[in-house]
Amino acid sequence: MNINLTLFAQMIAFAVFVHFCMNYVWPPIVKALAERKTKIAEGLAAAERGHQEKALGEKHALELMKEAKASASDIVGQAQKRATEIVEEAKNDARAEGDRLVAAAQAEIEREANRAREDLRERVATLAIAAAEKILQKEIDVDTHRSIVDAFAKQL
Amino acid sequence: MSASEMLTSQGYIQHHLTNLTLGVHPEHGFGFAHSSAEAAQMGFWAINVDTMFFSILLGVLFIWFFKGVAERVTAGVPDGAQNFVEWIVDFVEENVRGSFSGKNPMVAPLALTIFVWVFLMNLMDLLPVDLLPYLFGQFMAVLGGNPHHVFLRVVSTTDPNATFGMALTVFLMVLYYSFKVKGIGGFLGELTLQPFGKWGMPANLLLEGISLLSKPLSLALRLFGNMYAGEMIFILIALLYGGSVVLNVTGGLLQFVWAVFHILIITLQAFIFMVLTIVYLDMAHQEHH
């Protein structure tokens, strides 16, 4: 309990311990702590960057999707237009073909009518001659009047 | 002190409060003091071997453990020991950053040394109060000594030499940095020109001088007083043993309760010593204009 030389010995011991702590203990530990701090900060910054890049990528992807949708609807529109065009063309073709068929049929009819008329004409001539023969059997000589009757028949 | 005296309570307490003092006695010459009276007669030129031994042992333990960690310290994932050390270093650094506004690379290591060293020295108080003194006495008896004259105080901070040693070192640093930062004129001005201005110089000097000198005194006496009182209570509780069963059980309970409470005290005292040191050095670094 007496104050004695221990006091100075303790002061020296204390100073030595502080000196050791200051030179060999404190700096490396604090340096490591600071290093870890920067490491963590860098990691956080990298994570933040990654986050932003992800957001950017998502935005980009959305834009791409939008573009794709737009071009798809474009293509669909063009296809529909083309389809209506084709239908229209087909309709026109069909109409023309129909007209052609009608015209051909009419020509056929015309031809048939003409032939019938020709037939009829010949028959009428024959009938007329036959009738005239009957009427004129006695008075008219067939050979002499034949040319007159033929000329007459041709006027039919 | 005779063997019969040792059986009294007073002798028991006194035995526990006497340091193992090595010095030159005016009558018995160089050697260990055989009683507290002899230790006192040795005067200034004696040394408390137990205080020195335990404080240096614990200081070396502190430096050894922390230096071991510092050598393989990594900024990556820390292992258990590094985690523990970093926890303490972080705690000290936070306190220094909070209380110390100047720039001095010595303050934080100083604070760390104080905190851990004082804590370790205080921690010895939690060892059973008779354990090491008894073992040491038996050991000396084997070597031919009288165990009743062999003293051992395990808790260095109950020796005012240790607490005053630290407080005086801190005080010297306060003086050194006061002169260095403020200059001689600035520091003397601080001591003499406030709070009453230059016409109240004697009063100023008295007030500021007392406040300056009270710093190491309060540092040393606070730690010493707390640890001394704590140890004294352990000793008094230990006196209960050896009586009836009721006394033994009561003593055991009391010792447990006091030890648990003491864990708080030893940590708190180490912390207070550290924080006050930081604050005093901060005041030494502050320039008044």
# chains A, B, ... in the order shown; residues from 1 in each chain; ligands from 1

call {"tool": "closest_atom_pairs", "arguments": {"of": "range 90-159 of chain B", "to": "range 165-177 of chain B", "cutoff": "12 Å", "atoms": "only C-alpha atoms", "output": "JSON lines"}}
result
{"residue": "B:Gly102", "atom": "CA", "partner": "B:Tyr177", "partner_atom": "CA", "distance": 10.9}
{"residue": "B:Lys103", "atom": "CA", "partner": "B:Tyr177", "partner_atom": "CA", "distance": 11.4}
{"residue": "B:Asn104", "atom": "CA", "partner": "B:Tyr177", "partner_atom": "CA", "distance": 9.9}
{"residue": "B:Met106", "atom": "CA", "partner": "B:Met173", "partner_atom": "CA", "distance": 10.4}
{"residue": "B:Val107", "atom": "CA", "partner": "B:Met173", "partner_atom": "CA", "distance": 10.0}
{"residue": "B:Leu110", "atom": "CA", "partner": "B:Val170", "partner_atom": "CA", "distance": 9.2}
{"residue": "B:Ala111", "atom": "CA", "partner": "B:Val170", "partner_atom": "CA", "distance": 10.4}
{"residue": "B:Thr113", "atom": "CA", "partner": "B:Met166", "partner_atom": "CA", "distance": 10.8}
{"residue": "B:Ile114", "atom": "CA", "partner": "B:Met166", "partner_atom": "CA", "distance": 8.4}
{"residue": "B:Phe115", "atom": "CA", "partner": "B:Met166", "partner_atom": "CA", "distance": 11.6}
{"residue": "B:Trp117", "atom": "CA", "partner": "B:Met166", "partner_atom": "CA", "distance": 10.6}
{"residue": "B:Val118", "atom": "CA", "partner": "B:Met166", "partner_atom": "CA", "distance": 9.6}
{"residue": "B:Ser156", "atom": "CA", "partner": "B:Gly165", "partner_atom": "CA", "distance": 11.2}
{"residue": "B:Thr157", "atom": "CA", "partner": "B:Met166", "partner_atom": "CA", "distance": 10.1}
{"residue": "B:Asp159", "atom": "CA", "partner": "B:Gly165", "partner_atom": "CA", "distance": 10.0}

call {"tool": "write_last_selection", "arguments": {"atoms": "N, CA and C atoms", "output": "PDB file, in the first residue's frame"}}
result
ATOM      1  N   GLY B 102      -8.982  16.012 -32.234  1.00  0.00           N
ATOM      2  CA  GLY B 102      -7.702  16.330 -32.844  1.00  0.00           C
ATOM      3  C   GLY B 102      -7.204  15.202 -33.727  1.00  0.00           C
ATOM      4  N   LYS B 103      -5.958  15.364 -34.187  1.00  0.00           N
ATOM      5  CA  LYS B 103      -5.362  14.313 -35.000  1.00  0.00           C
ATOM      6  C   LYS B 103      -4.105  13.832 -34.316  1.00  0.00           C
ATOM      7  N   ASN B 104      -4.153  12.625 -33.803  1.00  0.00           N
ATOM      8  CA  ASN B 104      -2.985  12.066 -33.139  1.00  0.00           C
ATOM      9  C   ASN B 104      -3.083  10.546 -33.227  1.00  0.00           C
ATOM     10  N   MET B 106      -1.583   8.392 -31.790  1.00  0.00           N
ATOM     11  CA  MET B 106      -1.225   7.656 -30.583  1.00  0.00           C
ATOM     12  C   MET B 106      -2.424   7.422 -29.674  1.00  0.00           C
ATOM     13  N   VAL B 107      -3.456   8.258 -29.827  1.00  0.00           N
ATOM     14  CA  VAL B 107      -4.530   8.237 -28.838  1.00  0.00           C
ATOM     15  C   VAL B 107      -5.310   6.922 -28.871  1.00  0.00           C
ATOM     16  N   LEU B 110      -3.366   4.017 -27.470  1.00  0.00           N
ATOM     17  CA  LEU B 110      -3.276   4.252 -26.031  1.00  0.00           C
ATOM     18  C   LEU B 110      -4.577   3.840 -25.353  1.00  0.00           C
ATOM     19  N   ALA B 111      -5.689   4.255 -25.952  1.00  0.00           N
ATOM     20  CA  ALA B 111      -6.988   3.921 -25.369  1.00  0.00           C
ATOM     21  C   ALA B 111      -7.204   2.412 -25.357  1.00  0.00           C
ATOM     22  N   THR B 113      -4.884   0.065 -25.301  1.00  0.00           N
ATOM     23  CA  THR B 113      -4.016  -0.531 -24.276  1.00  0.00           C
ATOM     24  C   THR B 113      -4.627  -0.356 -22.900  1.00  0.00           C
ATOM     25  N   ILE B 114      -5.077   0.855 -22.616  1.00  0.00           N
ATOM     26  CA  ILE B 114      -5.654   1.115 -21.292  1.00  0.00           C
ATOM     27  C   ILE B 114      -6.853   0.212 -21.056  1.00  0.00           C
ATOM     28  N   PHE B 115      -7.753   0.180 -22.029  1.00  0.00           N
ATOM     29  CA  PHE B 115      -9.001  -0.573 -21.840  1.00  0.00           C
ATOM     30  C   PHE B 115      -8.708  -2.047 -21.573  1.00  0.00           C
ATOM     31  N   TRP B 117      -5.810  -3.633 -20.912  1.00  0.00           N
ATOM     32  CA  TRP B 117      -4.885  -3.916 -19.810  1.00  0.00           C
ATOM     33  C   TRP B 117      -5.594  -3.765 -18.458  1.00  0.00           C
ATOM     34  N   VAL B 118      -6.286  -2.630 -18.297  1.00  0.00           N
ATOM     35  CA  VAL B 118      -6.993  -2.409 -17.027  1.00  0.00           C
ATOM     36  C   VAL B 118      -8.063  -3.482 -16.835  1.00  0.00           C
ATOM     37  N   SER B 156      -3.572  -6.143  -9.649  1.00  0.00           N
ATOM     38  CA  SER B 156      -2.605  -5.037  -9.675  1.00  0.00           C
ATOM     39  C   SER B 156      -3.280  -3.696  -9.498  1.00  0.00           C
ATOM     40  N   THR B 157      -4.515  -3.560  -9.958  1.00  0.00           N
ATOM     41  CA  THR B 157      -5.164  -2.243  -9.874  1.00  0.00           C
ATOM     42  C   THR B 157      -5.605  -1.919  -8.455  1.00  0.00           C
ATOM     43  N   ASP B 159      -3.375  -1.838  -6.252  1.00  0.00           N
ATOM     44  CA  ASP B 159      -2.135  -1.221  -5.777  1.00  0.00           C
ATOM     45  C   ASP B 159      -2.080   0.194  -6.350  1.00  0.00           C
TER      46      ASP B 159
END

call {"tool": "interface_residues", "arguments": {"of": "chain A", "to": "chain B", "cutoff": "9 Å", "atoms": "only C-alpha atoms", "output": "ChimeraX atom specification"}}
result
/A:1-15,17-37,39

call {"tool": "write_last_selection", "arguments": {"atoms": "N, CA, C and O atoms", "output": "compact mmCIF listing (two decimals), in the first residue's frame"}}
result
# COMPACT_ATOMS: atom_id res chain seq x y z
N MET A 1 0.83 -1.21 0.00
CA MET A 1 0.00 0.00 0.00
C MET A 1 0.85 1.25 0.00
O MET A 1 0.36 2.34 0.17
N ASN A 2 2.16 1.06 -0.09
CA ASN A 2 3.03 2.24 -0.10
C ASN A 2 3.37 2.63 -1.53
O ASN A 2 3.49 1.77 -2.39
N ILE A 3 3.47 3.93 -1.69
CA ILE A 3 3.96 4.40 -2.99
C ILE A 3 5.47 4.18 -3.01
O ILE A 3 6.18 4.69 -2.13
N ASN A 4 5.96 3.42 -3.94
CA ASN A 4 7.40 3.20 -4.01
C ASN A 4 7.84 3.08 -5.47
O ASN A 4 7.12 3.53 -6.37
N LEU A 5 8.96 2.48 -5.66
CA LEU A 5 9.56 2.41 -6.99
C LEU A 5 8.60 1.76 -8.01
O LEU A 5 8.72 2.01 -9.22
N THR A 6 7.68 0.96 -7.51
CA THR A 6 6.71 0.31 -8.39
C THR A 6 6.03 1.33 -9.30
O THR A 6 5.72 1.04 -10.45
N LEU A 7 5.80 2.53 -8.73
CA LEU A 7 5.14 3.59 -9.50
C LEU A 7 5.86 3.84 -10.82
O LEU A 7 5.25 3.79 -11.90
N PHE A 8 7.18 4.04 -10.74
CA PHE A 8 7.93 4.33 -11.97
C PHE A 8 8.02 3.09 -12.86
O PHE A 8 7.94 3.19 -14.08
N ALA A 9 8.19 1.94 -12.22
CA ALA A 9 8.24 0.72 -13.00
C ALA A 9 6.94 0.53 -13.78
O ALA A 9 6.95 0.15 -14.95
N GLN A 10 5.84 0.84 -13.12
CA GLN A 10 4.54 0.72 -13.80
C GLN A 10 4.42 1.72 -14.94
O GLN A 10 3.85 1.41 -15.99
N MET A 11 4.93 2.93 -14.69
CA MET A 11 4.87 3.93 -15.77
C MET A 11 5.65 3.46 -16.98
O MET A 11 5.20 3.57 -18.12
N ILE A 12 6.83 2.88 -16.71
CA ILE A 12 7.65 2.40 -17.83
C ILE A 12 6.94 1.25 -18.54
O ILE A 12 6.84 1.22 -19.78
N ALA A 13 6.42 0.30 -17.74
CA ALA A 13 5.73 -0.84 -18.35
C ALA A 13 4.56 -0.36 -19.20
O ALA A 13 4.36 -0.82 -20.34
N PHE A 14 3.81 0.58 -18.64
CA PHE A 14 2.65 1.12 -19.37
C PHE A 14 3.10 1.74 -20.69
O PHE A 14 2.53 1.46 -21.76
N ALA A 15 4.15 2.57 -20.61
CA ALA A 15 4.63 3.23 -21.82
C ALA A 15 5.08 2.21 -22.85
O ALA A 15 4.81 2.34 -24.05
N PHE A 17 4.03 -0.90 -23.20
CA PHE A 17 2.86 -1.57 -23.79
C PHE A 17 2.16 -0.67 -24.81
O PHE A 17 1.77 -1.11 -25.89
N VAL A 18 2.03 0.61 -24.46
CA VAL A 18 1.39 1.54 -25.40
C VAL A 18 2.21 1.62 -26.69
O VAL A 18 1.67 1.59 -27.79
N HIS A 19 3.54 1.68 -26.50
CA HIS A 19 4.43 1.76 -27.66
C HIS A 19 4.24 0.53 -28.57
O HIS A 19 4.08 0.66 -29.78
N PHE A 20 4.23 -0.64 -27.96
CA PHE A 20 4.05 -1.86 -28.74
C PHE A 20 2.69 -1.86 -29.46
O PHE A 20 2.59 -2.17 -30.65
N CYS A 21 1.68 -1.49 -28.72
CA CYS A 21 0.33 -1.49 -29.28
C CYS A 21 0.26 -0.53 -30.46
O CYS A 21 -0.32 -0.84 -31.49
N MET A 22 0.91 0.63 -30.29
CA MET A 22 0.84 1.66 -31.32
C MET A 22 1.59 1.25 -32.58
O MET A 22 1.19 1.60 -33.69
N ASN A 23 2.67 0.49 -32.41
CA ASN A 23 3.50 0.18 -33.57
C ASN A 23 3.17 -1.15 -34.24
O ASN A 23 3.29 -1.28 -35.45
N TYR A 24 2.75 -2.13 -33.43
CA TYR A 24 2.61 -3.47 -34.01
C TYR A 24 1.18 -4.00 -33.99
O TYR A 24 0.86 -4.95 -34.68
N VAL A 25 0.33 -3.42 -33.17
CA VAL A 25 -1.01 -4.00 -33.02
C VAL A 25 -2.06 -3.17 -33.76
O VAL A 25 -2.80 -3.68 -34.59
N TRP A 26 -2.06 -1.88 -33.46
CA TRP A 26 -3.15 -1.05 -33.94
C TRP A 26 -3.15 -0.87 -35.47
O TRP A 26 -4.18 -1.11 -36.12
N PRO A 27 -2.00 -0.47 -36.07
CA PRO A 27 -2.05 -0.14 -37.51
C PRO A 27 -2.54 -1.29 -38.41
O PRO A 27 -3.42 -1.06 -39.24
N PRO A 28 -2.00 -2.54 -38.27
CA PRO A 28 -2.48 -3.57 -39.19
C PRO A 28 -3.97 -3.86 -39.05
O PRO A 28 -4.67 -4.04 -40.06
N ILE A 29 -4.46 -3.86 -37.82
CA ILE A 29 -5.87 -4.19 -37.61
C ILE A 29 -6.75 -3.11 -38.22
O ILE A 29 -7.72 -3.38 -38.94
N VAL A 30 -6.38 -1.84 -37.94
CA VAL A 30 -7.20 -0.75 -38.46
C VAL A 30 -7.14 -0.72 -39.99
O VAL A 30 -8.13 -0.46 -40.66
N LYS A 31 -5.94 -1.04 -40.52
CA LYS A 31 -5.80 -1.07 -41.97
C LYS A 31 -6.71 -2.14 -42.56
O LYS A 31 -7.40 -1.90 -43.57
N ALA A 32 -6.71 -3.31 -41.94
CA ALA A 32 -7.56 -4.39 -42.43
C ALA A 32 -9.03 -3.98 -42.36
O ALA A 32 -9.81 -4.24 -43.28
N LEU A 33 -9.38 -3.30 -41.28
CA LEU A 33 -10.78 -2.86 -41.15
C LEU A 33 -11.14 -1.88 -42.25
O LEU A 33 -12.21 -1.99 -42.87
N ALA A 34 -10.21 -0.95 -42.51
CA ALA A 34 -10.48 0.04 -43.57
C ALA A 34 -10.58 -0.65 -44.92
O ALA A 34 -11.45 -0.33 -45.73
N GLU A 35 -9.65 -1.62 -45.14
CA GLU A 35 -9.69 -2.35 -46.41
C GLU A 35 -11.01 -3.06 -46.59
O GLU A 35 -11.62 -3.04 -47.66
N ARG A 36 -11.46 -3.70 -45.51
CA ARG A 36 -12.73 -4.42 -45.63
C ARG A 36 -13.86 -3.44 -45.91
O ARG A 36 -14.77 -3.71 -46.68
N LYS A 37 -13.76 -2.26 -45.30
CA LYS A 37 -14.81 -1.26 -45.52
C LYS A 37 -14.87 -0.89 -46.99
O LYS A 37 -15.96 -0.85 -47.59
N LYS A 39 -13.80 -2.65 -49.45
CA LYS A 39 -14.25 -3.83 -50.18
C LYS A 39 -15.77 -3.91 -50.19
O LYS A 39 -16.40 -4.14 -51.22

call {"tool": "residues_around", "arguments": {"residues": "range 258-263 of chain B", "least_positions_apart": "2", "cutoff": "9 Å", "atoms": "only C-alpha atoms", "output": "list of chain:residue names"}}
result
B:Leu123, B:Asp125, B:Leu126, B:Gly230, B:Ile233, B:Phe234, B:Leu253, B:Leu254, B:Gln255, B:Phe256, B:Ile265, B:Ile266, B:Thr267, B:Leu268

call {"tool": "write_last_selection", "arguments": {"atoms": "all heavy atoms", "output": "compact mmCIF listing (two decimals), in the first residue's frame"}}
result
# COMPACT_ATOMS: atom_id res chain seq x y z
N LEU B 123 -9.82 -8.09 -13.97
CA LEU B 123 -10.45 -9.41 -14.09
C LEU B 123 -9.88 -10.39 -13.07
O LEU B 123 -10.57 -11.32 -12.65
CB LEU B 123 -10.22 -9.93 -15.52
CG LEU B 123 -11.02 -11.16 -15.95
CD1 LEU B 123 -12.50 -10.85 -15.97
CD2 LEU B 123 -10.57 -11.61 -17.33
N ASP B 125 -9.58 -10.02 -10.20
CA ASP B 125 -10.39 -9.92 -8.98
C ASP B 125 -11.44 -11.03 -8.92
O ASP B 125 -11.94 -11.35 -7.85
CB ASP B 125 -11.09 -8.55 -8.96
CG ASP B 125 -11.13 -7.99 -7.55
OD1 ASP B 125 -10.66 -8.68 -6.63
OD2 ASP B 125 -11.62 -6.86 -7.38
N LEU B 126 -11.78 -11.60 -10.06
CA LEU B 126 -12.82 -12.62 -10.06
C LEU B 126 -12.27 -14.00 -9.69
O LEU B 126 -13.04 -14.92 -9.46
CB LEU B 126 -13.51 -12.69 -11.44
CG LEU B 126 -14.30 -11.43 -11.79
CD1 LEU B 126 -14.99 -11.60 -13.14
CD2 LEU B 126 -15.34 -11.14 -10.73
N GLY B 230 -13.81 -3.35 -3.98
CA GLY B 230 -14.34 -4.62 -4.47
C GLY B 230 -13.58 -5.79 -3.87
O GLY B 230 -14.18 -6.77 -3.41
N ILE B 233 -14.42 -6.35 -0.23
CA ILE B 233 -15.69 -7.05 -0.01
C ILE B 233 -15.52 -8.55 -0.24
O ILE B 233 -16.05 -9.37 0.51
CB ILE B 233 -16.79 -6.45 -0.91
CG1 ILE B 233 -17.16 -5.07 -0.37
CG2 ILE B 233 -18.02 -7.34 -0.96
CD1 ILE B 233 -18.13 -4.30 -1.18
N PHE B 234 -14.73 -8.92 -1.26
CA PHE B 234 -14.45 -10.35 -1.46
C PHE B 234 -13.77 -10.93 -0.22
O PHE B 234 -14.07 -12.03 0.22
CB PHE B 234 -13.56 -10.55 -2.68
CG PHE B 234 -14.32 -10.63 -3.97
CD1 PHE B 234 -14.04 -9.78 -5.02
CD2 PHE B 234 -15.32 -11.58 -4.14
CE1 PHE B 234 -14.74 -9.85 -6.20
CE2 PHE B 234 -16.03 -11.66 -5.33
CZ PHE B 234 -15.73 -10.79 -6.35
N LEU B 253 -23.22 -17.76 -1.55
CA LEU B 253 -24.21 -16.98 -2.30
C LEU B 253 -23.74 -15.55 -2.48
O LEU B 253 -23.77 -15.00 -3.60
CB LEU B 253 -25.54 -16.98 -1.53
CG LEU B 253 -26.48 -18.14 -1.87
CD1 LEU B 253 -27.72 -18.08 -0.99
CD2 LEU B 253 -26.87 -18.08 -3.34
N LEU B 254 -23.28 -14.95 -1.38
CA LEU B 254 -22.83 -13.56 -1.44
C LEU B 254 -21.69 -13.40 -2.42
O LEU B 254 -21.65 -12.47 -3.22
CB LEU B 254 -22.37 -13.09 -0.06
CG LEU B 254 -23.48 -12.67 0.90
CD1 LEU B 254 -22.88 -12.34 2.26
CD2 LEU B 254 -24.22 -11.47 0.36
N GLN B 255 -20.76 -14.36 -2.38
CA GLN B 255 -19.61 -14.25 -3.26
C GLN B 255 -20.04 -14.32 -4.71
O GLN B 255 -19.54 -13.56 -5.56
CB GLN B 255 -18.62 -15.36 -2.97
CG GLN B 255 -17.31 -15.14 -3.71
CD GLN B 255 -16.22 -16.05 -3.23
OE1 GLN B 255 -16.45 -16.97 -2.46
NE2 GLN B 255 -15.01 -15.79 -3.68
N PHE B 256 -20.99 -15.22 -4.99
CA PHE B 256 -21.48 -15.33 -6.36
C PHE B 256 -22.13 -14.03 -6.81
O PHE B 256 -21.83 -13.49 -7.88
CB PHE B 256 -22.49 -16.49 -6.47
CG PHE B 256 -23.11 -16.60 -7.81
CD1 PHE B 256 -22.40 -17.09 -8.89
CD2 PHE B 256 -24.41 -16.18 -8.03
CE1 PHE B 256 -22.96 -17.18 -10.14
CE2 PHE B 256 -24.99 -16.27 -9.28
CZ PHE B 256 -24.27 -16.76 -10.33
N ILE B 265 -18.56 -3.91 -12.75
CA ILE B 265 -17.67 -2.86 -12.23
C ILE B 265 -16.32 -2.87 -12.95
O ILE B 265 -15.82 -1.82 -13.36
CB ILE B 265 -17.46 -3.04 -10.71
CG1 ILE B 265 -18.78 -2.82 -9.98
CG2 ILE B 265 -16.40 -2.07 -10.20
CD1 ILE B 265 -18.69 -2.99 -8.50
N ILE B 266 -15.74 -4.06 -13.11
CA ILE B 266 -14.39 -4.09 -13.70
C ILE B 266 -14.43 -3.59 -15.14
O ILE B 266 -13.54 -2.87 -15.58
CB ILE B 266 -13.76 -5.50 -13.62
CG1 ILE B 266 -14.57 -6.51 -14.37
CG2 ILE B 266 -13.55 -5.92 -12.20
CD1 ILE B 266 -13.94 -7.90 -14.37
N THR B 267 -15.48 -3.95 -15.87
CA THR B 267 -15.58 -3.47 -17.25
C THR B 267 -15.80 -1.96 -17.27
O THR B 267 -15.17 -1.23 -18.03
CB THR B 267 -16.75 -4.16 -17.97
OG1 THR B 267 -16.75 -5.53 -17.60
CG2 THR B 267 -16.63 -4.03 -19.46
N LEU B 268 -16.69 -1.52 -16.40
CA LEU B 268 -17.02 -0.10 -16.34
C LEU B 268 -15.80 0.73 -15.97
O LEU B 268 -15.55 1.78 -16.56
CB LEU B 268 -18.14 0.11 -15.31
CG LEU B 268 -18.86 1.43 -15.37
CD1 LEU B 268 -19.61 1.53 -16.68
CD2 LEU B 268 -19.82 1.57 -14.20

call {"tool": "closest_residue", "arguments": {"among": "A:Ala46, A:Leu156, A:Leu62, A:Ile129", "to": "Asp143 in chain A", "atoms": "only C-alpha atoms"}}
result
A:Ile129

call {"tool": "atom_distance", "arguments": {"atom1": "CA of Glu231 in chain B", "atom2": "CA of Val155 in chain B"}}
result
8.3 Å

call {"tool": "residues_around", "arguments": {"residues": "Phe100 in chain B", "least_positions_apart": "6", "cutoff": "12 Å", "atoms": "only C-alpha atoms", "output": "JSON list (two decimals) with N, CA, C and O atoms, in the first residue's frame"}}
result
[["chain", "number", "residue", "atom", "x", "y", "z"],
["B", 92, "VAL", "N", -13.20, 0.67, -29.38],
["B", 92, "VAL", "CA", -12.28, 1.72, -28.93],
["B", 92, "VAL", "C", -12.24, 2.85, -29.96],
["B", 92, "VAL", "O", -12.30, 4.04, -29.61],
["B", 93, "GLU", "N", -12.16, 2.46, -31.23],
["B", 93, "GLU", "CA", -12.04, 3.47, -32.28],
["B", 93, "GLU", "C", -13.27, 4.37, -32.30],
["B", 93, "GLU", "O", -13.18, 5.58, -32.49],
["B", 94, "GLU", "N", -14.42, 3.76, -32.09],
["B", 94, "GLU", "CA", -15.67, 4.52, -32.07],
["B", 94, "GLU", "C", -15.63, 5.55, -30.94],
["B", 94, "GLU", "O", -16.02, 6.71, -31.13],
["B", 106, "MET", "N", -1.58, 8.39, -31.79],
["B", 106, "MET", "CA", -1.23, 7.66, -30.58],
["B", 106, "MET", "C", -2.42, 7.42, -29.67],
["B", 106, "MET", "O", -2.42, 6.50, -28.86],
["B", 107, "VAL", "N", -3.46, 8.26, -29.83],
["B", 107, "VAL", "CA", -4.53, 8.24, -28.84],
["B", 107, "VAL", "C", -5.31, 6.92, -28.87],
["B", 107, "VAL", "O", -5.59, 6.32, -27.83],
["B", 108, "ALA", "N", -5.63, 6.46, -30.08],
["B", 108, "ALA", "CA", -6.44, 5.25, -30.17],
["B", 108, "ALA", "C", -5.70, 4.02, -29.64],
["B", 108, "ALA", "O", -6.26, 3.27, -28.83],
["B", 111, "ALA", "N", -5.69, 4.25, -25.95],
["B", 111, "ALA", "CA", -6.99, 3.92, -25.37],
["B", 111, "ALA", "C", -7.20, 2.41, -25.36],
["B", 111, "ALA", "O", -7.70, 1.84, -24.38],
["B", 274, "MET", "N", -10.45, 4.61, -19.83],
["B", 274, "MET", "CA", -10.15, 4.84, -21.24],
["B", 274, "MET", "C", -10.81, 6.14, -21.71],
["B", 274, "MET", "O", -10.16, 7.00, -22.31],
["B", 275, "VAL", "N", -12.09, 6.29, -21.44],
["B", 275, "VAL", "CA", -12.83, 7.46, -21.95],
["B", 275, "VAL", "C", -12.26, 8.75, -21.37],
["B", 275, "VAL", "O", -12.07, 9.74, -22.08],
["B", 276, "LEU", "N", -11.96, 8.74, -20.06],
["B", 276, "LEU", "CA", -11.42, 9.96, -19.45],
["B", 276, "LEU", "C", -10.06, 10.31, -20.04],
["B", 276, "LEU", "O", -9.75, 11.48, -20.26],
["B", 277, "THR", "N", -9.25, 9.28, -20.30],
["B", 277, "THR", "CA", -7.96, 9.54, -20.93],
["B", 277, "THR", "C", -8.16, 10.22, -22.28],
["B", 277, "THR", "O", -7.49, 11.21, -22.61],
["B", 278, "ILE", "N", -9.10, 9.69, -23.07],
["B", 278, "ILE", "CA", -9.37, 10.28, -24.38],
["B", 278, "ILE", "C", -9.82, 11.73, -24.22],
["B", 278, "ILE", "O", -9.37, 12.64, -24.92],
["B", 279, "VAL", "N", -10.73, 11.95, -23.26],
["B", 279, "VAL", "CA", -11.27, 13.30, -23.07],
["B", 279, "VAL", "C", -10.16, 14.27, -22.63],
["B", 279, "VAL", "O", -10.06, 15.38, -23.16],
["B", 280, "TYR", "N", -9.32, 13.83, -21.69],
["B", 280, "TYR", "CA", -8.25, 14.71, -21.22],
["B", 280, "TYR", "C", -7.29, 15.06, -22.37],
["B", 280, "TYR", "O", -6.87, 16.20, -22.52],
["B", 281, "LEU", "N", -6.97, 14.04, -23.18],
["B", 281, "LEU", "CA", -6.06, 14.31, -24.30],
["B", 281, "LEU", "C", -6.74, 15.20, -25.34],
["B", 281, "LEU", "O", -6.09, 16.01, -25.98],
["B", 282, "ASP", "N", -8.04, 15.04, -25.47],
["B", 282, "ASP", "CA", -8.78, 15.91, -26.40],
["B", 282, "ASP", "C", -8.69, 17.36, -25.93],
["B", 282, "ASP", "O", -8.45, 18.27, -26.73],
["B", 283, "MET", "N", -8.87, 17.56, -24.61],
["B", 283, "MET", "CA", -8.76, 18.91, -24.07],
["B", 283, "MET", "C", -7.36, 19.47, -24.28],
["B", 283, "MET", "O", -7.18, 20.67, -24.56],
["B", 284, "ALA", "N", -6.36, 18.59, -24.18],
["B", 284, "ALA", "CA", -4.98, 19.05, -24.39],
["B", 284, "ALA", "C", -4.75, 19.45, -25.84],
["B", 284, "ALA", "O", -3.88, 20.26, -26.13],
["B", 285, "HIS", "N", -5.54, 18.88, -26.76],
["B", 285, "HIS", "CA", -5.33, 19.17, -28.18],
["B", 285, "HIS", "C", -6.16, 20.34, -28.67],
["B", 285, "HIS", "O", -6.06, 20.71, -29.83],
["B", 286, "GLN", "N", -7.03, 20.84, -27.81],
["B", 286, "GLN", "CA", -7.91, 21.91, -28.29],
["B", 286, "GLN", "C", -7.25, 23.27, -28.10],
["B", 286, "GLN", "O", -6.75, 23.59, -27.03]]

call {"tool": "atom_distance", "arguments": {"atom1": "CA of Gly137 in chain B", "atom2": "CA of Ile235 in chain B"}}
result
17.1 Å
